[in-house]
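Everything on this sheet refers to the single structure shown next.
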Amino acid sequence: MLRRTKKMRTKNILIFLVLITITSFLFFILGPATEQNDSLKNIMSQTHQQIQVFKDNLSKKNDKSLEIDEKYLEMLGFKPTTAAINTPNGRLDFCIVTYVRAGQLDTAVLFVQSVQMRLPNVTMLIYDLGLSEDDQRTLTTSPLCNNSKCTVIPFDLSAFPDFVADERMHAFRPLIIKNALSHAKLILFTENENRVRSNVTTRDLTLLTRKTENSTLGVLGWTTNKQAVSSRTHQKMFEYFDMNPESFYFIPMVSMSAVFFVRTPFVIQRIMLPWIKCVLTQECVCPIGAQSGGCKYNKKPLYRYMGCHSYDESAFNIVLGKTSKLDETKYSETGETPLFYTETLEQATKILENRRKNASDASERPFTEI
């Protein structure tokens with residue numbers, strides 16, 4: 001569709017030039033000799049100006065580039081620089097990565113405890129995106145994250161455009177993932193609301209990491225529902241990737257709730273780079289008219305845009321679809337992740353409050369058995 005539109009615009013320009021040429025020729029033939037040259041000069045001058053204006057307007061309409069300030073690429077480690085955030089040693093083979101924002105301490109605490117209980121040998125990286133001093137102290141000085149298996153990394157979002165910190169867009173997630181990939185060869189990014197299922201073992205995790213390493217793209221996620229990428233992505237976002245929404249009518253949406261990433265040149269350059277360029281371009285990650293709520297699930301056919309946009313998750317899915325040539329089997333599995341179940345912040349707060357009160361009610365135990 002995009003290529004067809006560009007061809008039509010080029011055709012219109014050619015037709016316009018032909019008409020101007022014919023008009024100029026008629027003036028030249030029919031006008032007096034003294035006026036012919038002046039008329040011709042005026043016509044050609046005006047024609048040149050109009051063509052230039054037309055080209056400028058056409059260029060502006062097609063200007064859907066993802067060129068961002070070089071300083072952000074340097075900060076994120078795409079280019080060698082001493083200014084890179086939290087320059088790591090990259091020695092870890094594997095780690096689980098999550099983040100915690102202001103007001104999320106309770107759910108982060110239970111996340112850490114869940115991993116430590118079920119997967120005690122796994123290293124965690126917890127990105128601090130603005131905890132209060134008291135909450136930061138609680139997380140870093142307690143036995144939770146005061147050991148070699150758990151590290152809290154301060155990550156300053158103020159170094160990026162203001163919209164990156166918007167909870168609605170989650171534009172900070174790919175920035176965290178990129179930084180974590182410089183710490184470890186393979187990571188599992190997950191939301192802090194996730195809890196490790198009671199039947200999960202280290203062997204289960206190992207099988208999934210090996211599957212990710214052997215995958216075509218170096219990425220493994222889960223399609224948690226039957227929604228197509230086109231149904232949860234504003235149409236204007238596709239233009240930044242030179243892709244058609246129609247191509248994603250039957251490509252299921254991969255959830256960002258839990259995704260494996262392998263650190264390879266392909267993942268860094270073909271997946272992380274365009275994804276990050278989009279989330280750091282406000283018009284790409286949040287096109288005019290995009291909103292997170294108001295989904296119209298009753299729209300038919302189901303691949304039509306539902307009216308609600310998934311921001312960084314949408315950009316991630318477009319990048320995956322483009323790099324896989326629209327073959328979701330190369331980077332995803334159907335259904336929910338077998339590793340986690342979710343627990344809301346309200347549930348986490350209630351659990352910790354009851355624990356502090358030494359509640360004996362079995363229904364308030366710290367981990368829900370599923």
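Labels used: A, B, ... for chains in the order of the structure tokens, numbers from 1 for residues in each chain, and numbers from 1 for ligands as shown.
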Item checked: Near-Ile187 in chain A list (7 Å; only C-alpha atoms; drop same-chain fewer than 5 positions) as a list of chain:residue names ->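 Contacts, with the query itself left out: A:Phe94, A:Cys95, A:Ile96, A:Val97, A:Leu181, A:Phe260, A:Phe261, A:Val262.
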Closest contacts (range 242-290 of chain A/range 327-330 of chain A, max 12 Å, only C-alpha atoms) as a tab-separated table:
residue	atom	partner	partner_atom	distance
A:Ser247	CA	A:Asp327	CA	10.8
A:Phe248	CA	A:Asp327	CA	10.2
A:Phe250	CA	A:Glu328	CA	9.8
A:Ile251	CA	A:Glu328	CA	6.6
A:Pro252	CA	A:Glu328	CA	7.5
A:Met253	CA	A:Glu328	CA	9.1
A:Val254	CA	A:Glu328	CA	8.9
Next item on the list: Kindly indicate which residue among A:Gln104, A:Gln227, A:Asn146, A:Asn194 lies nearest to Glu346 in chain A, using only C-alpha atoms for the distances.
Entry: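 With only C-alpha atoms as the atom set, the closest residue is A:Gln104.
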Next item on the list: List every residue of range 101-285 of chain A that DSSP, applied to the backbone, labels as helix (DSSP H, G or I), and write the result as a PyMOL selection string.
Entry: chain A and resi 105-118+133-141+157-159+162-165+172-181+202-213+229-232+235-240+245-248+265-279+282-285
Check: Taking into account only C-alpha atoms, which residue in the set A:Leu280, A:Leu320, A:Leu129, A:Leu345 is nearest to Lys71 in chain A?
Finding: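 Answer, going by the shortest atom-to-atom distance: A:Leu280.
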Note to self: Which residues are near Leu157 in chain A? Cut-off 12 Å, only C-alpha atoms, ignore same chain within fewer than 4 positions. Put them as a ChimeraX atom specification.
What the structure shows: /A:72,75-76,85,101,127-130,161-167,170-173,175-176,280
Checklist line | In range 108-159 of chain A, DSSP strand (DSSP E or B) residues written as a list in words | finding: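 Going through range 108-159 of chain A, the strand (DSSP E or B) residues come out as Met124, Leu125, Ile126, Tyr127, Asp128, Asn147, Cys150, Thr151, Val152, Ile153 and Pro154 of chain A.
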Print the selection's residues with C-alpha atoms to a file, as a JSON list (two decimals), in the first residue's frame.
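Listing of selection25.json after writing:
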[["chain", "number", "residue", "atom", "x", "y", "z"],
["A", 124, "MET", "CA", 18.56, -11.44, 38.94],
["A", 125, "LEU", "CA", 19.02, -7.88, 37.72],
["A", 126, "ILE", "CA", 16.47, -5.45, 39.18],
["A", 127, "TYR", "CA", 16.37, -2.05, 37.44],
["A", 128, "ASP", "CA", 15.45, 0.79, 39.78],
["A", 147, "ASN", "CA", 23.93, -11.02, 47.62],
["A", 150, "CYS", "CA", 20.53, -10.27, 43.04],
["A", 151, "THR", "CA", 21.73, -6.86, 41.87],
["A", 152, "VAL", "CA", 19.80, -3.59, 41.87],
["A", 153, "ILE", "CA", 20.82, -1.27, 39.03],
["A", 154, "PRO", "CA", 19.78, 2.42, 39.17]]
Next item on the list: Please provide as a count of residues only all residues within 7 Å of Ala290 in chain A, with the sequence filter that same-chain residues fewer than 6 positions apart are discarded (counting only C-alpha atoms).
Entry: 3
Item checked: Long-range neighbours of Asp312 in chain A as a PyMOL selection string, 12 Å cut-off, only C-alpha atoms, 2 positions minimum in chain -> chain A and resi 164+166-175+232-234+237+254-256+272+274-282+284-287+292+309-310+314-319
Next item on the list: For CA of Gly103 in chain A and CA of Phe189 in chain A, quote the distance in Å rounded to one decimal.
Entry: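 About the pair CA of Gly103 in chain A and CA of Phe189 in chain A: they are 20.3 Å apart.
Taking CA of Glu67 in chain A and CA of Lys322 in chain A as the two end points, the separation is 18.4 Å.
Of note, CA of Pro338 in chain A and CA of Tyr297 in chain A are spaced 26.1 Å apart.
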Got a sec: who's within 8 Å of Leu131 in chain A, counting only C-alpha atoms, leaving out chain neighbours fewer than 4 positions off, as a CSV table (one decimal) with N, CA and C atoms, in the first residue's frame?
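Output (around-v5.csv):
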chain,number,residue,atom,x,y,z
A,100,VAL,N,11.6,-2.0,38.7
A,100,VAL,CA,10.7,-1.6,39.8
A,100,VAL,C,10.6,-0.1,39.8
A,101,ARG,N,9.3,0.4,39.8
A,101,ARG,CA,9.1,1.8,39.8
A,101,ARG,C,8.6,2.3,41.2
A,102,ALA,N,8.5,3.6,41.3
A,102,ALA,CA,8.0,4.1,42.6
A,102,ALA,C,6.6,3.5,42.9
A,103,GLY,N,6.5,3.1,44.1
A,103,GLY,CA,5.2,2.5,44.6
A,103,GLY,C,5.0,1.0,44.3
A,105,LEU,N,7.3,-1.4,45.3
A,105,LEU,CA,8.2,-2.2,46.2
A,105,LEU,C,7.7,-3.5,46.6
A,135,ASP,N,12.6,3.0,50.1
A,135,ASP,CA,12.3,1.7,49.4
A,135,ASP,C,13.5,1.1,48.8
A,136,GLN,N,14.4,2.0,48.3
A,136,GLN,CA,15.7,1.5,47.7
A,136,GLN,C,16.5,0.9,48.8
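You can rank A:Arg355, A:Lys149, A:Arg195, A:Arg91 by their closest distance to Ala108 in chain A using only C-alpha atoms, and at the top of that list sits A:Arg195.
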